[in-house]
>>> print(open('entry04.pdb').read())   # PDB, C-alpha atoms, pLDDT in the B column
ATOM      1  CA  MET X 631     106.082 -23.685  43.821  1.00 36.00           C
ATOM      2  CA  LYS X 632     107.894 -24.798  40.681  1.00 50.00           C
ATOM      3  CA  GLU X 633     106.336 -27.844  39.042  1.00 62.00           C
ATOM      4  CA  ALA X 634     108.321 -31.081  39.117  1.00 78.00           C
ATOM      5  CA  ARG X 635     109.992 -32.145  35.917  1.00 84.00           C
ATOM      6  CA  VAL X 636     110.830 -35.687  34.907  1.00 88.00           C
ATOM      7  CA  LEU X 637     114.014 -36.778  33.150  1.00 89.00           C
ATOM      8  CA  LEU X 638     113.057 -38.582  29.937  1.00 92.00           C
ATOM      9  CA  GLY X 639     116.452 -39.086  28.319  1.00 93.00           C
ATOM     10  CA  VAL X 640     120.029 -38.019  27.727  1.00 95.00           C
ATOM     11  CA  VAL X 641     121.689 -37.157  24.431  1.00 97.00           C
ATOM     12  CA  ALA X 642     124.389 -39.807  24.159  1.00 95.00           C
ATOM     13  CA  ALA X 643     126.261 -38.890  20.960  1.00 94.00           C
ATOM     14  CA  PRO X 644     125.949 -37.458  17.475  1.00 95.00           C
ATOM     15  CA  HIS X 645     125.071 -39.829  14.632  1.00 95.00           C
ATOM     16  CA  GLY X 646     126.405 -39.096  11.176  1.00 92.00           C
ATOM     17  CA  VAL X 647     127.053 -35.638   9.749  1.00 94.00           C
ATOM     18  CA  ARG X 648     123.511 -34.247   9.347  1.00 94.00           C
ATOM     19  CA  GLY X 649     122.829 -33.367  12.974  1.00 95.00           C
ATOM     20  CA  LEU X 650     121.144 -36.553  14.151  1.00 96.00           C
ATOM     21  CA  VAL X 651     121.728 -37.686  17.733  1.00 97.00           C
ATOM     22  CA  ARG X 652     121.420 -40.884  19.722  1.00 97.00           C
ATOM     23  CA  ILE X 653     119.338 -40.438  22.856  1.00 97.00           C
ATOM     24  CA  ARG X 654     119.324 -42.831  25.799  1.00 94.00           C
ATOM     25  CA  SER X 655     115.594 -42.850  26.547  1.00 93.00           C
ATOM     26  CA  PHE X 656     114.168 -43.594  29.991  1.00 88.00           C
ATOM     27  CA  THR X 657     110.578 -43.935  28.784  1.00 87.00           C
ATOM     28  CA  GLU X 658     108.897 -47.349  28.901  1.00 84.00           C
ATOM     29  CA  ASP X 659     108.759 -47.340  25.096  1.00 90.00           C
ATOM     30  CA  PRO X 660     112.030 -45.616  24.069  1.00 93.00           C
ATOM     31  CA  MET X 661     110.435 -44.061  20.956  1.00 95.00           C
ATOM     32  CA  ALA X 662     107.837 -42.334  23.169  1.00 94.00           C
ATOM     33  CA  ILE X 663     110.421 -39.745  24.203  1.00 95.00           C
ATOM     34  CA  ALA X 664     109.226 -37.591  21.308  1.00 94.00           C
ATOM     35  CA  SER X 665     105.518 -37.895  22.142  1.00 93.00           C
ATOM     36  CA  TYR X 666     105.401 -35.464  25.083  1.00 92.00           C
ATOM     37  CA  GLY X 667     105.845 -32.247  23.134  1.00 91.00           C
ATOM     38  CA  GLU X 668     108.703 -29.881  23.814  1.00 93.00           C
ATOM     39  CA  LEU X 669     111.376 -31.091  26.182  1.00 96.00           C
ATOM     40  CA  SER X 670     113.631 -28.800  28.187  1.00 95.00           C
ATOM     41  CA  ASP X 671     117.136 -28.746  29.581  1.00 94.00           C
ATOM     42  CA  GLU X 672     117.894 -29.281  33.257  1.00 88.00           C
ATOM     43  CA  ALA X 673     117.379 -25.600  34.086  1.00 87.00           C
ATOM     44  CA  GLY X 674     114.042 -25.582  32.235  1.00 88.00           C
ATOM     45  CA  LYS X 675     115.100 -22.592  30.143  1.00 91.00           C
ATOM     46  CA  THR X 676     115.898 -24.031  26.715  1.00 95.00           C
ATOM     47  CA  ARG X 677     113.235 -25.982  24.826  1.00 96.00           C
ATOM     48  CA  TYR X 678     113.836 -28.771  22.317  1.00 97.00           C
ATOM     49  CA  ARG X 679     111.535 -30.379  19.772  1.00 96.00           C
ATOM     50  CA  VAL X 680     112.580 -34.008  19.312  1.00 97.00           C
ATOM     51  CA  GLU X 681     111.597 -36.258  16.418  1.00 97.00           C
ATOM     52  CA  ALA X 682     112.307 -39.930  17.113  1.00 96.00           C
ATOM     53  CA  LEU X 683     113.298 -41.711  13.901  1.00 96.00           C
ATOM     54  CA  SER X 684     114.282 -45.245  14.923  1.00 96.00           C
ATOM     55  CA  THR X 685     116.221 -47.232  17.487  1.00 93.00           C
ATOM     56  CA  VAL X 686     119.898 -47.990  17.033  1.00 87.00           C
ATOM     57  CA  LYS X 687     122.330 -49.754  19.395  1.00 81.00           C
ATOM     58  CA  GLY X 688     120.012 -49.477  22.404  1.00 83.00           C
ATOM     59  CA  ALA X 689     119.279 -45.784  21.839  1.00 92.00           C
ATOM     60  CA  VAL X 690     116.783 -43.664  19.942  1.00 96.00           C
ATOM     61  CA  LEU X 691     118.044 -42.081  16.744  1.00 97.00           C
ATOM     62  CA  ALA X 692     116.505 -38.611  16.705  1.00 97.00           C
ATOM     63  CA  ARG X 693     116.451 -35.233  15.062  1.00 97.00           C
ATOM     64  CA  ILE X 694     116.363 -32.168  17.295  1.00 97.00           C
ATOM     65  CA  GLU X 695     114.859 -29.095  15.673  1.00 96.00           C
ATOM     66  CA  GLY X 696     117.552 -26.547  14.769  1.00 95.00           C
ATOM     67  CA  VAL X 697     120.423 -29.039  14.890  1.00 96.00           C
ATOM     68  CA  ALA X 698     121.665 -29.392  11.314  1.00 95.00           C
ATOM     69  CA  ASP X 699     125.218 -30.733  11.481  1.00 96.00           C
ATOM     70  CA  ARG X 700     127.558 -32.933  13.485  1.00 96.00           C
ATOM     71  CA  THR X 701     129.173 -29.998  15.287  1.00 96.00           C
ATOM     72  CA  ALA X 702     125.807 -28.799  16.621  1.00 96.00           C
ATOM     73  CA  ALA X 703     124.862 -32.383  17.541  1.00 97.00           C
ATOM     74  CA  GLU X 704     128.188 -32.886  19.358  1.00 97.00           C
ATOM     75  CA  ALA X 705     127.500 -29.751  21.422  1.00 96.00           C
ATOM     76  CA  LEU X 706     124.383 -31.470  22.815  1.00 97.00           C
ATOM     77  CA  ARG X 707     126.242 -34.549  24.084  1.00 96.00           C
ATOM     78  CA  GLY X 708     125.209 -35.154  27.699  1.00 95.00           C
ATOM     79  CA  LEU X 709     122.127 -32.901  27.456  1.00 96.00           C
ATOM     80  CA  ARG X 710     119.487 -34.138  29.876  1.00 94.00           C
ATOM     81  CA  LEU X 711     115.962 -33.832  28.443  1.00 96.00           C
ATOM     82  CA  TYR X 712     113.054 -33.148  30.802  1.00 94.00           C
ATOM     83  CA  VAL X 713     109.273 -32.810  30.567  1.00 93.00           C
ATOM     84  CA  GLU X 714     106.845 -31.223  33.014  1.00 89.00           C
ATOM     85  CA  ARG X 715     105.353 -33.867  35.329  1.00 85.00           C
ATOM     86  CA  SER X 716     101.840 -32.776  34.325  1.00 84.00           C
ATOM     87  CA  ALA X 717     102.499 -33.866  30.707  1.00 87.00           C
ATOM     88  CA  LEU X 718     102.862 -37.495  31.754  1.00 86.00           C
ATOM     89  CA  PRO X 719     100.001 -39.961  32.210  1.00 84.00           C
ATOM     90  CA  GLU X 720      98.761 -40.789  35.688  1.00 83.00           C
ATOM     91  CA  THR X 721     100.375 -43.813  37.286  1.00 82.00           C
ATOM     92  CA  GLY X 722      98.614 -47.068  38.088  1.00 79.00           C
ATOM     93  CA  GLU X 723      98.724 -49.098  41.257  1.00 79.00           C
ATOM     94  CA  ARG X 724     102.323 -49.886  42.322  1.00 78.00           C
ATOM     95  CA  GLU X 725     103.579 -47.407  39.691  1.00 81.00           C
ATOM     96  CA  TRP X 726     105.191 -44.020  40.215  1.00 84.00           C
ATOM     97  CA  TYR X 727     107.641 -41.641  38.642  1.00 84.00           C
ATOM     98  CA  GLU X 728     110.971 -41.295  40.406  1.00 84.00           C
ATOM     99  CA  ALA X 729     110.373 -37.521  40.452  1.00 83.00           C
ATOM    100  CA  ASP X 730     107.319 -38.189  42.683  1.00 86.00           C
ATOM    101  CA  LEU X 731     109.563 -39.930  45.237  1.00 91.00           C
ATOM    102  CA  ILE X 732     112.237 -37.229  45.526  1.00 90.00           C
ATOM    103  CA  GLY X 733     111.843 -35.498  48.878  1.00 92.00           C
ATOM    104  CA  LEU X 734     109.907 -38.305  50.566  1.00 95.00           C
ATOM    105  CA  ALA X 735     111.077 -39.447  54.001  1.00 95.00           C
ATOM    106  CA  ALA X 736     112.998 -42.740  54.019  1.00 95.00           C
ATOM    107  CA  VAL X 737     111.977 -44.650  57.149  1.00 94.00           C
ATOM    108  CA  GLY X 738     113.301 -48.051  58.199  1.00 92.00           C
ATOM    109  CA  LYS X 739     110.896 -50.879  59.023  1.00 91.00           C
ATOM    110  CA  ASP X 740     112.317 -50.486  62.527  1.00 90.00           C
ATOM    111  CA  GLY X 741     111.393 -46.763  62.582  1.00 90.00           C
ATOM    112  CA  ARG X 742     114.927 -45.506  61.916  1.00 90.00           C
ATOM    113  CA  ASP X 743     115.121 -42.185  60.047  1.00 91.00           C
ATOM    114  CA  TRP X 744     117.264 -42.715  56.940  1.00 92.00           C
ATOM    115  CA  GLY X 745     116.812 -39.143  55.696  1.00 93.00           C
ATOM    116  CA  LYS X 746     115.019 -38.067  52.534  1.00 96.00           C
ATOM    117  CA  VAL X 747     115.077 -39.530  49.035  1.00 95.00           C
ATOM    118  CA  ILE X 748     117.357 -37.227  47.040  1.00 93.00           C
ATOM    119  CA  ALA X 749     118.089 -39.059  43.777  1.00 90.00           C
ATOM    120  CA  PHE X 750     117.943 -42.226  41.717  1.00 87.00           C
ATOM    121  CA  HIS X 751     120.883 -43.636  39.776  1.00 84.00           C
ATOM    122  CA  ASP X 752     121.400 -46.518  37.404  1.00 78.00           C
ATOM    123  CA  PHE X 753     125.014 -47.567  37.033  1.00 79.00           C
ATOM    124  CA  GLY X 754     124.090 -50.576  34.909  1.00 73.00           C
ATOM    125  CA  ALA X 755     123.086 -53.116  37.546  1.00 77.00           C
ATOM    126  CA  GLY X 756     119.654 -51.720  38.363  1.00 81.00           C
ATOM    127  CA  SER X 757     118.213 -48.621  39.950  1.00 87.00           C
ATOM    128  CA  VAL X 758     119.705 -47.284  43.184  1.00 91.00           C
ATOM    129  CA  MET X 759     117.934 -44.871  45.537  1.00 93.00           C
ATOM    130  CA  GLU X 760     120.111 -42.255  47.240  1.00 94.00           C
ATOM    131  CA  VAL X 761     118.976 -40.893  50.589  1.00 94.00           C
ATOM    132  CA  SER X 762     120.237 -37.789  52.375  1.00 93.00           C
ATOM    133  CA  GLY X 763     121.560 -39.870  55.270  1.00 79.00           C
ATOM    134  CA  GLY X 764     124.374 -40.976  52.951  1.00 84.00           C
ATOM    135  CA  ALA X 765     123.019 -44.363  51.898  1.00 89.00           C
ATOM    136  CA  MET X 766     122.697 -45.755  48.383  1.00 92.00           C
ATOM    137  CA  LEU X 767     120.026 -48.465  48.496  1.00 92.00           C
ATOM    138  CA  PRO X 768     119.054 -50.920  45.759  1.00 92.00           C
ATOM    139  CA  PHE X 769     115.631 -49.827  44.529  1.00 93.00           C
ATOM    140  CA  THR X 770     114.023 -53.260  44.748  1.00 92.00           C
ATOM    141  CA  ASP X 771     110.817 -54.547  46.338  1.00 92.00           C
ATOM    142  CA  ALA X 772     112.905 -56.321  49.000  1.00 92.00           C
ATOM    143  CA  VAL X 773     114.841 -53.208  50.090  1.00 94.00           C
ATOM    144  CA  VAL X 774     112.022 -50.694  49.497  1.00 95.00           C
ATOM    145  CA  PRO X 775     108.945 -52.775  50.376  1.00 94.00           C
ATOM    146  CA  GLU X 776     106.519 -49.866  50.756  1.00 94.00           C
ATOM    147  CA  ILE X 777     106.040 -46.587  48.906  1.00 94.00           C
ATOM    148  CA  ASP X 778     103.436 -44.185  50.258  1.00 92.00           C
ATOM    149  CA  VAL X 779     103.483 -41.051  48.094  1.00 90.00           C
ATOM    150  CA  PRO X 780     100.352 -39.500  49.690  1.00 89.00           C
ATOM    151  CA  GLY X 781     101.797 -40.279  53.137  1.00 92.00           C
ATOM    152  CA  GLY X 782     105.148 -38.744  52.181  1.00 94.00           C
ATOM    153  CA  LYS X 783     107.384 -41.729  52.875  1.00 95.00           C
ATOM    154  CA  VAL X 784     109.139 -44.811  51.587  1.00 95.00           C
ATOM    155  CA  VAL X 785     109.864 -47.716  53.911  1.00 96.00           C
ATOM    156  CA  VAL X 786     113.344 -49.213  53.599  1.00 94.00           C
ATOM    157  CA  ASP X 787     114.645 -52.572  54.788  1.00 92.00           C
ATOM    158  CA  PRO X 788     118.325 -52.862  53.813  1.00 88.00           C
ATOM    159  CA  PRO X 789     119.874 -56.321  54.083  1.00 81.00           C
ATOM    160  CA  ALA X 790     122.570 -57.024  56.680  1.00 78.00           C
ATOM    161  CA  GLY X 791     126.028 -55.881  55.682  1.00 71.00           C
ATOM    162  CA  LEU X 792     124.823 -53.431  53.036  1.00 69.00           C
ATOM    163  CA  LEU X 793     126.078 -50.412  54.959  1.00 59.00           C
ATOM    164  CA  ALA X 794     129.408 -49.931  56.698  1.00 49.00           C
ATOM    165  CA  GLY X 795     129.389 -50.193  60.467  1.00 43.00           C
ATOM    166  CA  GLY X 796     126.523 -52.667  60.638  1.00 42.00           C
ATOM    167  CA  ALA X 797     123.884 -49.967  60.170  1.00 43.00           C
ATOM    168  CA  ALA X 798     121.597 -52.364  58.326  1.00 44.00           C
ATOM    169  CA  LYS X 799     119.515 -54.921  60.156  1.00 43.00           C
ATOM    170  CA  GLU X 800     121.105 -58.276  60.929  1.00 42.00           C
ATOM    171  CA  GLU X 801     119.638 -61.388  59.339  1.00 42.00           C
ATOM    172  CA  GLU X 802     117.851 -63.707  61.714  1.00 42.00           C
ATOM    173  CA  SER X 803     118.952 -67.330  61.773  1.00 38.00           C
TER     174      SER X 803
END
>>> encode(input="entry04.pdb", output="structure tokens")
Amino acid sequence: MKEARVLLGVVAAPHGVRGLVRIRSFTEDPMAIASYGELSDEAGKTRYRVEALSTVKGAVLARIEGVADRTAAEALRGLRLYVERSALPETGEREWYEADLIGLAAVGKDGRDWGKVIAFHDFGAGSVMEVSGGAMLPFTDAVVPEIDVPGGKVVVDPPAGLLAGGAAKEEES
């Protein structure tokens, strides 16, 4: 079985003419993106050595080994940078990596099968969990009150009106 990889950041844009890039980092400390060793592309085939230099405009200003000019940096725009899950520290209580949740069953508090967790997105207003049943659920403690990685499930409790057709539970008066 192929080991899970975790998305650490995305190359946002080139910076200047000497091959520097701005990376949108998803690590708790944005500068830590360079502390996990070689990163890889989405396919896991190409490796990148990243040197974080500073933060600028909400991103990490970085040098990627072998990228020496703006043209080469521009070619990396949109590159998603991953690390093997085993390179990351263990999680604490009530902590997890999104990669650990992909594939878990999404079960309603009422027992309803919502499908499986297939992705997480952040469109700017907070994290959203996508499940195979077609739902996009806010990834909050209220909507996802229980996460049981060893048990292979997340419990969901969407508020009334969240889904079309009244699929979510109705609020009690």
>>> resolve_selection(input="entry04.pdb", expression="the PyMOL selection byres ((chain X and resi 668) around 6)", output="CSV table (one decimal) with C-alpha atoms, keeping the file's coordinate frame")
chain,number,residue,atom,x,y,z
X,667,GLY,CA,105.8,-32.2,23.1
X,669,LEU,CA,111.4,-31.1,26.2
X,678,TYR,CA,113.8,-28.8,22.3
X,679,ARG,CA,111.5,-30.4,19.8
>>> residues_around(input="entry04.pdb", residues="X:Ala643", least_positions_apart="5", cutoff="9 Å", atoms="all atoms listed in the file", output="list in words")
Leu650, Val651, Arg652, Ile653, Ala703, Glu704, Leu706, Arg707 and Gly708 of chain X
>>> resolve_selection(input="entry04.pdb", expression="the PyMOL selection byres ((chain X and resi 758) around 12)", output="list in words")
Glu728, Val747, Ile748, Ala749, Phe750, His751, Asp752, Phe753, Gly754, Ala755, Gly756, Ser757, Met759, Glu760, Val761, Ala765, Met766, Leu767, Pro768, Phe769, Thr770, Asp771, Val773 and Val774 of chain X
>>> write_last_selection(input="entry04.pdb", atoms="C-alpha atoms", output="CSV table (one decimal), keeping the file's coordinate frame")
chain,number,residue,atom,x,y,z
X,728,GLU,CA,111.0,-41.3,40.4
X,747,VAL,CA,115.1,-39.5,49.0
X,748,ILE,CA,117.4,-37.2,47.0
X,749,ALA,CA,118.1,-39.1,43.8
X,750,PHE,CA,117.9,-42.2,41.7
X,751,HIS,CA,120.9,-43.6,39.8
X,752,ASP,CA,121.4,-46.5,37.4
X,753,PHE,CA,125.0,-47.6,37.0
X,754,GLY,CA,124.1,-50.6,34.9
X,755,ALA,CA,123.1,-53.1,37.5
X,756,GLY,CA,119.7,-51.7,38.4
X,757,SER,CA,118.2,-48.6,40.0
X,759,MET,CA,117.9,-44.9,45.5
X,760,GLU,CA,120.1,-42.3,47.2
X,761,VAL,CA,119.0,-40.9,50.6
X,765,ALA,CA,123.0,-44.4,51.9
X,766,MET,CA,122.7,-45.8,48.4
X,767,LEU,CA,120.0,-48.5,48.5
X,768,PRO,CA,119.1,-50.9,45.8
X,769,PHE,CA,115.6,-49.8,44.5
X,770,THR,CA,114.0,-53.3,44.7
X,771,ASP,CA,110.8,-54.5,46.3
X,773,VAL,CA,114.8,-53.2,50.1
X,774,VAL,CA,112.0,-50.7,49.5
>>> closest_residue(input="entry04.pdb", among="X:Val779, X:Ala772, X:Val786, X:Ile694", to="X:Gly745", atoms="only C-alpha atoms")
X:Val786
>>> atom_distance(input="entry04.pdb", atom1="atom CA of X:Val713", atom2="atom CA of X:Gly639")
9.8 Å
>>> closest_residue(input="entry04.pdb", among="X:Arg648, X:Arg654, X:Arg715, X:Arg724", to="X:Val686", atoms="all atoms listed in the file")
X:Arg654
